[in-house]
Amino acid sequence: MKRILLILIILLAGVLRFYKLGEYPALNADEAAIGYNAYSLILTGKDEHGNSWPIHFQSFNDYKPGLYFYLVLPLVKFLGLSEWAVRIPNAILGVLTVFLVYLFCKELFPKRKFGIWNLEVGIIASFMLAISPLHIHFSRGGWEVDVSTFFILLGVFLFLKGRKNLTVLMFSVLSFVFAMYSYHAARVIVPLLGVGMLVIYRDEMRKNFKNYTLATLVGLVAILPLVKELTKTEAISRAAGVGLFSDPGPVNRVNEQRGEHSYFDDIKVKILHNKPVNYGLTFLENWIEHYDGEFLFLSGDDIQRNKTPETGQLYLFQLPLLLTGFWFIFKKPGRWTFILWWLIVGPIASAFTFQSPHALRAHNMVIPLTIISAYGLLKTKDLILMIFKNRIIKYSVFSVMFLVIFWELTRYLHMYYVHMTKEYPFSSQYGVKELVDYLETTDRKFSKVVVTDRYDQPYILFLFYLKYPPQKFQDGHVLTERDRFGFSTVRQFDRYVFTSIQPWDKIRDDFRDSLIAGTNEEVPVANIVKKIYGSNGYLYFEVVAN
């Protein structure tokens with residue numbers, strides 16, 4: 001029965017992650033960059049900017065971690081450059097994570113059942129992860145963070161599985177290394193989890209010191225290329241750009257606080273008001289915000305690309321389950337110590353940035369939160385069985401619980417598939433594919449095609465949908481200087497120009513005999529030859545023959 005139930009849960013996870021995967025949501029610029037750079041590697045052995053087999057991909061000068069690019073590469077090779085090829089690896093790993101959380105719980109609580117019906121927390125945890133809004137959202141796209149969470153969980157599972165087995169321990173360490181190659185935040189989280197394991201399992205490590213030492217050495221060797229890469233200024237520039245210390249707010253606050261004293265140069269004033277204190281308080285505030293009820297259960301991330309309307313990171317029904325789970329865990333922590341440690345360190349990487357709370361950078365929290373919720377559900381079930389003796393009442397309560405879970409899942413899917421693209425029409429690059437399809441069917445008598453830069457990184461989406469020859473692009477493009485957000489772009493390749501089309505009169509004079517595509521706010525009503533709508537029905541471009 002348990003095996004059948006687990007299979008059904010995995011099938012459910014697969015349906016939720018693969019349904020309309022190639023068409024919904026629209027491809028975003030980061031996904032297009034992953035796909036096109038993999039395509040470029042296949043054809044030329046270099047990325048879009050001519051770098052040979054990089055560890056970090058230069059892309060928009062944000063130097064993306066490279067592991068997911070290489071996971072996508074064989075799919076692009078055999079399926080061609082498409083949305084499916086970019087997203088399939090992540091969706092597969094998302095489904096595998098659902099199975100892996102079951103194995104992890106089984107290893108963490110060996111031969112232990114919870115509750116009167118002898119249910120395993122792993123079965124419930126795998127089901128809750130399968131339907132998790134946070135996990136579904138980031139499994140359905142080219143998100144490196146989902147890959148990172150998979151390898152972190154795999155590393156922890158293999159650590160528990162192989163505490164006396166050198167080979168398994170080595171694979172555990174390599175899994176952690178893969179996590180650090182796949183996403184920036186993992187480079188903070190993995191060492192912190194390692195510290196927790198070192199303290200919690202110190203006695204076992206001491207007994208098998210040789211195995212742990214050899215496995216650690218393997219990990220150090222495997223991480224050396226990444227360490228070398230991180231010594232380069234370019235590779236850490238993106239992390240520095242979003243880092244907490246790039247926010248001038250705490251420094252301005254220091255100056256403001258000192259200015260409120262009569263003797264602002266006094267040593268006591270400097271001890272009370274300084275950068276370490278203010279940045280420390282900001283970090284603490286950022287960290288605490290990841291446990292805020294509104295973020296977790298109601299609204300989620302502030303960034304529209306990272307969320308579904310009216311949906312938190314977790315379902316609302318998980319709130320009482322978490323409270324119940326914590327209550328019983330604190331009464332008897334036992335093997336829950338590591339889960340609690342994971343929950344504590346999970347948002348630390350995100351807290352070191354000025355955009356907080358952040359669903360993407362704190363994504364790994366989904367594992368401990370899901371497991372504790374599952375435990376809370378099992379203990380709630382036990383309480384119901386003990387409190388209500390009447391069979392009809394008991395099963396009526398369970399039916400209500402099931403209906404609440406089913407209703408929240410149904411509502412989430414409705415908000416995701418029906419409302420997300422309409423309420424967040426700029427959360428992804430809707431309309432660009434339709435624009436490229438139209439331009440490819442038009443007469444090429446126009447010497448230039450001018451496209452507004454109002455939307456994020458349009459050049460990479462054109463490269464992706466045109467399947468533009470990488471060698472030709474490498475030899476004929478210029479990457480701009482970084483903007484105030486730390487990103488660069490490409491303004492022109494072939495006959496395509498990506499720029500602001502304001503003021504209109506100047507653009508019209510500069511680009512005669514051209515097609516000009518802009519938003520309806522930018523383009524005058526006259527001479528419109530085509531209106532381009534996205535798959536969500538929203539008007540994104542109006543094309544003018546100049």
# chains A, B, ... in the order shown; residues from 1 in each chain; ligands from 1

$ residues_around --residues "segment 120-125 of chain A" --least-positions-apart "6" --cutoff "8 Å" --atoms "only C-alpha atoms" --output "JSON, numbers by chain"
{"A": [2, 5, 6, 101, 102, 103, 104, 105, 106, 112, 113, 114, 370, 371, 373, 374, 375, 378]}

$ write_last_selection --atoms "C-alpha atoms" --output "mmCIF file, in the first residue's frame"
data_model
loop_
_atom_site.group_PDB
_atom_site.id
_atom_site.type_symbol
_atom_site.label_atom_id
_atom_site.label_comp_id
_atom_site.auth_asym_id
_atom_site.auth_seq_id
_atom_site.Cartn_x
_atom_site.Cartn_y
_atom_site.Cartn_z
ATOM 1 C CA LYS A 2 2.793 2.410 0.925
ATOM 2 C CA LEU A 5 0.774 5.618 -2.428
ATOM 3 C CA LEU A 6 4.329 6.811 -3.085
ATOM 4 C CA VAL A 101 12.420 13.853 0.640
ATOM 5 C CA TYR A 102 10.711 10.515 1.354
ATOM 6 C CA LEU A 103 14.057 8.692 1.390
ATOM 7 C CA PHE A 104 15.597 11.411 3.549
ATOM 8 C CA CYS A 105 12.827 11.193 6.166
ATOM 9 C CA LYS A 106 13.035 7.404 6.132
ATOM 10 C CA ARG A 112 9.872 4.726 13.276
ATOM 11 C CA LYS A 113 6.222 5.255 12.549
ATOM 12 C CA PHE A 114 4.246 8.269 13.666
ATOM 13 C CA THR A 370 7.575 20.759 4.479
ATOM 14 C CA ILE A 371 8.884 18.025 6.762
ATOM 15 C CA SER A 373 4.340 20.479 8.345
ATOM 16 C CA ALA A 374 4.044 16.778 7.533
ATOM 17 C CA TYR A 375 4.903 15.849 11.109
ATOM 18 C CA LEU A 378 0.403 13.337 11.555
#

$ select_by_dssp --residues "segment 17-258 of chain A" --states "alpha helix (DSSP H)" --output "PyMOL selection string"
chain A and resi 17-18+29-44+67-79+83-108+121-130+133-139+144-161+166-182+186-200+202-207+209-230+233-242+249-258

$ residues_around --residues "Gln492 of chain A" --least-positions-apart "5" --cutoff "7 Å" --atoms "only C-alpha atoms" --output "ChimeraX atom specification"
/A:477,497-498

$ closest_atom_pairs --of "segment 127-219 of chain A" --to "segment 337-356 of chain A" --cutoff "9 Å" --atoms "only C-alpha atoms" --output "Markdown table"
| residue | atom | partner | partner_atom | distance |
| --- | --- | --- | --- | --- |
| A:His184 | CA | A:Ala349 | CA | 8.6 |
| A:Ala185 | CA | A:Ala349 | CA | 5.3 |
| A:Ala186 | CA | A:Ala349 | CA | 7.8 |
| A:Arg187 | CA | A:Ala349 | CA | 8.4 |
| A:Val188 | CA | A:Ala349 | CA | 5.8 |
| A:Ile189 | CA | A:Gly346 | CA | 6.5 |
| A:Leu192 | CA | A:Val345 | CA | 6.8 |
| A:Leu193 | CA | A:Trp342 | CA | 6.6 |
| A:Gly196 | CA | A:Trp341 | CA | 6.7 |
| A:Met197 | CA | A:Phe338 | CA | 7.3 |
| A:Ile200 | CA | A:Phe338 | CA | 7.2 |

$ write_last_selection --atoms "N, CA and C atoms" --output "PDB file, in the first residue's frame"
ATOM      1  N   HIS A 184      24.376  30.564  -6.332  1.00  0.00           N
ATOM      2  CA  HIS A 184      25.208  31.375  -5.436  1.00  0.00           C
ATOM      3  C   HIS A 184      24.877  31.133  -3.967  1.00  0.00           C
ATOM      4  N   ALA A 185      23.588  31.107  -3.611  1.00  0.00           N
ATOM      5  CA  ALA A 185      23.193  31.000  -2.204  1.00  0.00           C
ATOM      6  C   ALA A 185      23.688  29.712  -1.568  1.00  0.00           C
ATOM      7  N   ALA A 186      23.820  28.653  -2.359  1.00  0.00           N
ATOM      8  CA  ALA A 186      24.285  27.370  -1.822  1.00  0.00           C
ATOM      9  C   ALA A 186      25.707  27.469  -1.280  1.00  0.00           C
ATOM     10  N   ARG A 187      26.467  28.441  -1.762  1.00  0.00           N
ATOM     11  CA  ARG A 187      27.846  28.610  -1.294  1.00  0.00           C
ATOM     12  C   ARG A 187      27.907  29.136   0.128  1.00  0.00           C
ATOM     13  N   VAL A 188      26.778  29.626   0.613  1.00  0.00           N
ATOM     14  CA  VAL A 188      26.651  30.015   2.022  1.00  0.00           C
ATOM     15  C   VAL A 188      25.968  28.908   2.814  1.00  0.00           C
ATOM     16  N   ILE A 189      24.901  28.340   2.262  1.00  0.00           N
ATOM     17  CA  ILE A 189      24.082  27.369   2.982  1.00  0.00           C
ATOM     18  C   ILE A 189      24.819  26.051   3.211  1.00  0.00           C
ATOM     19  N   LEU A 192      27.270  26.065   6.112  1.00  0.00           N
ATOM     20  CA  LEU A 192      26.551  26.167   7.375  1.00  0.00           C
ATOM     21  C   LEU A 192      25.884  24.847   7.753  1.00  0.00           C
ATOM     22  N   LEU A 193      25.309  24.159   6.768  1.00  0.00           N
ATOM     23  CA  LEU A 193      24.763  22.822   7.035  1.00  0.00           C
ATOM     24  C   LEU A 193      25.873  21.868   7.451  1.00  0.00           C
ATOM     25  N   GLY A 196      26.605  22.292  11.043  1.00  0.00           N
ATOM     26  CA  GLY A 196      25.574  21.627  11.830  1.00  0.00           C
ATOM     27  C   GLY A 196      25.793  20.124  11.908  1.00  0.00           C
ATOM     28  N   MET A 197      26.119  19.498  10.787  1.00  0.00           N
ATOM     29  CA  MET A 197      26.368  18.059  10.783  1.00  0.00           C
ATOM     30  C   MET A 197      27.595  17.713  11.617  1.00  0.00           C
ATOM     31  N   ILE A 200      26.329  18.014  15.313  1.00  0.00           N
ATOM     32  CA  ILE A 200      25.273  17.077  15.696  1.00  0.00           C
ATOM     33  C   ILE A 200      25.746  15.631  15.622  1.00  0.00           C
TER      34      ILE A 200
END

$ residues_around --residues "segment 270-274 of chain A" --least-positions-apart "6" --cutoff "7 Å" --atoms "only C-alpha atoms" --output "ChimeraX atom specification"
/A:254,257-258

$ residues_around --residues "Leu16 of chain A" --least-positions-apart "4" --cutoff "9 Å" --atoms "only C-alpha atoms" --output "PDB file with N, CA and C atoms, in the first residue's frame"
ATOM      1  N   LEU A  11       3.635  10.526  -9.323  1.00  0.00           N
ATOM      2  CA  LEU A  11       2.902  10.829 -10.557  1.00  0.00           C
ATOM      3  C   LEU A  11       2.215  12.186 -10.457  1.00  0.00           C
ATOM      4  N   LEU A  12       1.644  12.476  -9.299  1.00  0.00           N
ATOM      5  CA  LEU A  12       1.016  13.785  -9.082  1.00  0.00           C
ATOM      6  C   LEU A  12       2.051  14.895  -9.225  1.00  0.00           C
ATOM      7  N   ALA A 130       5.077  17.640  -3.122  1.00  0.00           N
ATOM      8  CA  ALA A 130       4.530  17.488  -4.478  1.00  0.00           C
ATOM      9  C   ALA A 130       3.554  18.601  -4.816  1.00  0.00           C
ATOM     10  N   ILE A 131       2.780  19.064  -3.807  1.00  0.00           N
ATOM     11  CA  ILE A 131       1.770  20.101  -4.064  1.00  0.00           C
ATOM     12  C   ILE A 131       2.222  21.478  -3.579  1.00  0.00           C
ATOM     13  N   ILE A 136       6.573  23.886  -6.695  1.00  0.00           N
ATOM     14  CA  ILE A 136       6.024  23.789  -8.050  1.00  0.00           C
ATOM     15  C   ILE A 136       6.481  24.978  -8.890  1.00  0.00           C
ATOM     16  N   ARG A 140       9.066  24.620 -12.447  1.00  0.00           N
ATOM     17  CA  ARG A 140       8.505  24.801 -13.785  1.00  0.00           C
ATOM     18  C   ARG A 140       9.235  25.933 -14.519  1.00  0.00           C
ATOM     19  N   LEU A 413      -3.702  26.366  -8.100  1.00  0.00           N
ATOM     20  CA  LEU A 413      -3.554  26.055  -9.525  1.00  0.00           C
ATOM     21  C   LEU A 413      -4.385  27.023 -10.372  1.00  0.00           C
TER      22      LEU A 413
END

$ closest_residue --among "A:Ala222, A:Leu515, A:Val147, A:Ile9" --to "Asn546 of chain A" --atoms "only C-alpha atoms"
A:Leu515

$ residues_around --residues "segment 74-91 of chain A" --least-positions-apart "3" --cutoff "9 Å" --atoms "only C-alpha atoms" --output "PyMOL selection string"
chain A and resi 14+17-18+21-23+26-27+31-32+34-36+38-39+42+68-71+94-96+136+138-144+146-147+464-465+467

$ decode --residues "segment 460-507 of chain A" --atoms "N, CA and C atoms" --output "PDB file, in the first residue's frame"
ATOM      1  N   ILE A 460      18.495  38.529 -26.130  1.00  0.00           N
ATOM      2  CA  ILE A 460      18.735  37.102 -25.905  1.00  0.00           C
ATOM      3  C   ILE A 460      17.525  36.280 -26.323  1.00  0.00           C
ATOM      4  N   LEU A 461      16.336  36.844 -26.183  1.00  0.00           N
ATOM      5  CA  LEU A 461      15.140  36.125 -26.629  1.00  0.00           C
ATOM      6  C   LEU A 461      15.079  36.063 -28.155  1.00  0.00           C
ATOM      7  N   PHE A 462      15.520  37.127 -28.819  1.00  0.00           N
ATOM      8  CA  PHE A 462      15.591  37.091 -30.283  1.00  0.00           C
ATOM      9  C   PHE A 462      16.597  36.035 -30.732  1.00  0.00           C
ATOM     10  N   LEU A 463      17.757  35.982 -30.087  1.00  0.00           N
ATOM     11  CA  LEU A 463      18.748  34.954 -30.426  1.00  0.00           C
ATOM     12  C   LEU A 463      18.158  33.560 -30.258  1.00  0.00           C
ATOM     13  N   PHE A 464      17.430  33.369 -29.164  1.00  0.00           N
ATOM     14  CA  PHE A 464      16.844  32.062 -28.853  1.00  0.00           C
ATOM     15  C   PHE A 464      15.815  31.662 -29.897  1.00  0.00           C
ATOM     16  N   TYR A 465      14.850  32.536 -30.162  1.00  0.00           N
ATOM     17  CA  TYR A 465      13.763  32.169 -31.070  1.00  0.00           C
ATOM     18  C   TYR A 465      14.204  32.141 -32.532  1.00  0.00           C
ATOM     19  N   LEU A 466      15.194  32.948 -32.881  1.00  0.00           N
ATOM     20  CA  LEU A 466      15.724  32.925 -34.248  1.00  0.00           C
ATOM     21  C   LEU A 466      16.686  31.768 -34.471  1.00  0.00           C
ATOM     22  N   LYS A 467      17.147  31.166 -33.356  1.00  0.00           N
ATOM     23  CA  LYS A 467      18.237  30.171 -33.431  1.00  0.00           C
ATOM     24  C   LYS A 467      19.408  30.755 -34.226  1.00  0.00           C
ATOM     25  N   TYR A 468      19.736  31.963 -33.872  1.00  0.00           N
ATOM     26  CA  TYR A 468      20.757  32.715 -34.594  1.00  0.00           C
ATOM     27  C   TYR A 468      22.102  32.022 -34.465  1.00  0.00           C
ATOM     28  N   PRO A 469      22.880  31.919 -35.566  1.00  0.00           N
ATOM     29  CA  PRO A 469      24.172  31.214 -35.526  1.00  0.00           C
ATOM     30  C   PRO A 469      25.107  31.807 -34.466  1.00  0.00           C
ATOM     31  N   PRO A 470      25.512  31.013 -33.466  1.00  0.00           N
ATOM     32  CA  PRO A 470      26.343  31.549 -32.379  1.00  0.00           C
ATOM     33  C   PRO A 470      27.672  32.128 -32.845  1.00  0.00           C
ATOM     34  N   GLN A 471      28.313  31.466 -33.811  1.00  0.00           N
ATOM     35  CA  GLN A 471      29.608  31.971 -34.284  1.00  0.00           C
ATOM     36  C   GLN A 471      29.463  33.375 -34.866  1.00  0.00           C
ATOM     37  N   LYS A 472      28.385  33.570 -35.609  1.00  0.00           N
ATOM     38  CA  LYS A 472      28.129  34.884 -36.207  1.00  0.00           C
ATOM     39  C   LYS A 472      27.880  35.930 -35.133  1.00  0.00           C
ATOM     40  N   PHE A 473      27.161  35.542 -34.073  1.00  0.00           N
ATOM     41  CA  PHE A 473      26.887  36.493 -32.994  1.00  0.00           C
ATOM     42  C   PHE A 473      28.157  36.806 -32.204  1.00  0.00           C
ATOM     43  N   GLN A 474      28.952  35.783 -31.916  1.00  0.00           N
ATOM     44  CA  GLN A 474      30.192  35.996 -31.153  1.00  0.00           C
ATOM     45  C   GLN A 474      31.106  37.008 -31.830  1.00  0.00           C
ATOM     46  N   ASP A 475      31.124  36.964 -33.145  1.00  0.00           N
ATOM     47  CA  ASP A 475      32.051  37.819 -33.890  1.00  0.00           C
ATOM     48  C   ASP A 475      31.516  39.226 -34.134  1.00  0.00           C
ATOM     49  N   GLY A 476      30.245  39.471 -33.821  1.00  0.00           N
ATOM     50  CA  GLY A 476      29.683  40.743 -34.255  1.00  0.00           C
ATOM     51  C   GLY A 476      28.776  41.438 -33.263  1.00  0.00           C
ATOM     52  N   HIS A 477      29.096  41.378 -31.975  1.00  0.00           N
ATOM     53  CA  HIS A 477      28.254  42.083 -31.015  1.00  0.00           C
ATOM     54  C   HIS A 477      29.118  42.792 -29.976  1.00  0.00           C
ATOM     55  N   VAL A 478      28.507  43.758 -29.316  1.00  0.00           N
ATOM     56  CA  VAL A 478      29.185  44.514 -28.263  1.00  0.00           C
ATOM     57  C   VAL A 478      28.318  44.473 -27.009  1.00  0.00           C
ATOM     58  N   LEU A 479      28.925  44.122 -25.886  1.00  0.00           N
ATOM     59  CA  LEU A 479      28.227  44.098 -24.608  1.00  0.00           C
ATOM     60  C   LEU A 479      28.408  45.456 -23.935  1.00  0.00           C
ATOM     61  N   THR A 480      27.326  46.060 -23.534  1.00  0.00           N
ATOM     62  CA  THR A 480      27.388  47.402 -22.951  1.00  0.00           C
ATOM     63  C   THR A 480      28.034  47.375 -21.562  1.00  0.00           C
ATOM     64  N   GLU A 481      28.338  48.552 -21.052  1.00  0.00           N
ATOM     65  CA  GLU A 481      28.777  48.677 -19.665  1.00  0.00           C
ATOM     66  C   GLU A 481      27.608  48.327 -18.739  1.00  0.00           C
ATOM     67  N   ARG A 482      27.927  47.967 -17.511  1.00  0.00           N
ATOM     68  CA  ARG A 482      26.875  47.641 -16.546  1.00  0.00           C
ATOM     69  C   ARG A 482      26.019  48.868 -16.231  1.00  0.00           C
ATOM     70  N   ASP A 483      24.719  48.632 -16.069  1.00  0.00           N
ATOM     71  CA  ASP A 483      23.832  49.707 -15.646  1.00  0.00           C
ATOM     72  C   ASP A 483      23.846  49.810 -14.120  1.00  0.00           C
ATOM     73  N   ARG A 484      22.963  50.618 -13.563  1.00  0.00           N
ATOM     74  CA  ARG A 484      22.983  50.836 -12.116  1.00  0.00           C
ATOM     75  C   ARG A 484      22.551  49.604 -11.329  1.00  0.00           C
ATOM     76  N   PHE A 485      21.959  48.623 -12.000  1.00  0.00           N
ATOM     77  CA  PHE A 485      21.586  47.371 -11.351  1.00  0.00           C
ATOM     78  C   PHE A 485      22.651  46.295 -11.518  1.00  0.00           C
ATOM     79  N   GLY A 486      23.718  46.617 -12.246  1.00  0.00           N
ATOM     80  CA  GLY A 486      24.808  45.669 -12.431  1.00  0.00           C
ATOM     81  C   GLY A 486      24.691  44.789 -13.655  1.00  0.00           C
ATOM     82  N   PHE A 487      23.765  45.090 -14.567  1.00  0.00           N
ATOM     83  CA  PHE A 487      23.554  44.262 -15.749  1.00  0.00           C
ATOM     84  C   PHE A 487      24.041  44.973 -17.020  1.00  0.00           C
ATOM     85  N   SER A 488      24.463  44.170 -17.976  1.00  0.00           N
ATOM     86  CA  SER A 488      24.803  44.663 -19.310  1.00  0.00           C
ATOM     87  C   SER A 488      23.844  44.054 -20.319  1.00  0.00           C
ATOM     88  N   THR A 489      23.864  44.589 -21.530  1.00  0.00           N
ATOM     89  CA  THR A 489      23.000  44.060 -22.579  1.00  0.00           C
ATOM     90  C   THR A 489      23.684  44.233 -23.920  1.00  0.00           C
ATOM     91  N   VAL A 490      23.049  43.738 -24.959  1.00  0.00           N
ATOM     92  CA  VAL A 490      23.522  43.901 -26.337  1.00  0.00           C
ATOM     93  C   VAL A 490      22.501  44.756 -27.075  1.00  0.00           C
ATOM     94  N   ARG A 491      22.966  45.819 -27.685  1.00  0.00           N
ATOM     95  CA  ARG A 491      22.080  46.778 -28.342  1.00  0.00           C
ATOM     96  C   ARG A 491      21.790  46.430 -29.802  1.00  0.00           C
ATOM     97  N   GLN A 492      22.645  45.618 -30.412  1.00  0.00           N
ATOM     98  CA  GLN A 492      22.433  45.361 -31.833  1.00  0.00           C
ATOM     99  C   GLN A 492      23.137  44.081 -32.260  1.00  0.00           C
ATOM    100  N   PHE A 493      22.478  43.317 -33.124  1.00  0.00           N
ATOM    101  CA  PHE A 493      23.121  42.261 -33.897  1.00  0.00           C
ATOM    102  C   PHE A 493      22.337  42.107 -35.195  1.00  0.00           C
ATOM    103  N   ASP A 494      23.068  41.781 -36.239  1.00  0.00           N
ATOM    104  CA  ASP A 494      22.454  41.640 -37.558  1.00  0.00           C
ATOM    105  C   ASP A 494      21.635  42.903 -37.862  1.00  0.00           C
ATOM    106  N   ARG A 495      20.363  42.746 -38.260  1.00  0.00           N
ATOM    107  CA  ARG A 495      19.546  43.927 -38.581  1.00  0.00           C
ATOM    108  C   ARG A 495      18.690  44.384 -37.405  1.00  0.00           C
ATOM    109  N   TYR A 496      18.888  43.750 -36.251  1.00  0.00           N
ATOM    110  CA  TYR A 496      18.047  44.030 -35.090  1.00  0.00           C
ATOM    111  C   TYR A 496      18.727  45.032 -34.154  1.00  0.00           C
ATOM    112  N   VAL A 497      17.988  46.056 -33.779  1.00  0.00           N
ATOM    113  CA  VAL A 497      18.477  47.106 -32.880  1.00  0.00           C
ATOM    114  C   VAL A 497      17.535  47.164 -31.681  1.00  0.00           C
ATOM    115  N   PHE A 498      18.114  47.155 -30.482  1.00  0.00           N
ATOM    116  CA  PHE A 498      17.318  47.171 -29.255  1.00  0.00           C
ATOM    117  C   PHE A 498      17.653  48.453 -28.484  1.00  0.00           C
ATOM    118  N   THR A 499      16.704  49.347 -28.420  1.00  0.00           N
ATOM    119  CA  THR A 499      16.971  50.655 -27.836  1.00  0.00           C
ATOM    120  C   THR A 499      15.668  51.291 -27.386  1.00  0.00           C
ATOM    121  N   SER A 500      15.786  52.381 -26.667  1.00  0.00           N
ATOM    122  CA  SER A 500      14.599  53.170 -26.338  1.00  0.00           C
ATOM    123  C   SER A 500      14.083  53.822 -27.615  1.00  0.00           C
ATOM    124  N   ILE A 501      12.795  53.811 -27.822  1.00  0.00           N
ATOM    125  CA  ILE A 501      12.262  54.419 -29.045  1.00  0.00           C
ATOM    126  C   ILE A 501      11.605  55.761 -28.731  1.00  0.00           C
ATOM    127  N   GLN A 502      12.119  56.390 -27.706  1.00  0.00           N
ATOM    128  CA  GLN A 502      11.703  57.745 -27.360  1.00  0.00           C
ATOM    129  C   GLN A 502      12.915  58.678 -27.390  1.00  0.00           C
ATOM    130  N   PRO A 503      12.817  59.903 -27.901  1.00  0.00           N
ATOM    131  CA  PRO A 503      11.590  60.478 -28.484  1.00  0.00           C
ATOM    132  C   PRO A 503      11.295  59.896 -29.862  1.00  0.00           C
ATOM    133  N   TRP A 504      10.030  59.791 -30.176  1.00  0.00           N
ATOM    134  CA  TRP A 504       9.595  59.120 -31.397  1.00  0.00           C
ATOM    135  C   TRP A 504      10.125  59.798 -32.655  1.00  0.00           C
ATOM    136  N   ASP A 505      10.100  61.098 -32.699  1.00  0.00           N
ATOM    137  CA  ASP A 505      10.547  61.812 -33.903  1.00  0.00           C
ATOM    138  C   ASP A 505      12.008  61.510 -34.214  1.00  0.00           C
ATOM    139  N   LYS A 506      12.843  61.421 -33.190  1.00  0.00           N
ATOM    140  CA  LYS A 506      14.262  61.131 -33.411  1.00  0.00           C
ATOM    141  C   LYS A 506      14.457  59.714 -33.927  1.00  0.00           C
ATOM    142  N   ILE A 507      13.754  58.757 -33.337  1.00  0.00           N
ATOM    143  CA  ILE A 507      13.855  57.370 -33.790  1.00  0.00           C
ATOM    144  C   ILE A 507      13.391  57.255 -35.235  1.00  0.00           C
TER     145      ILE A 507
END
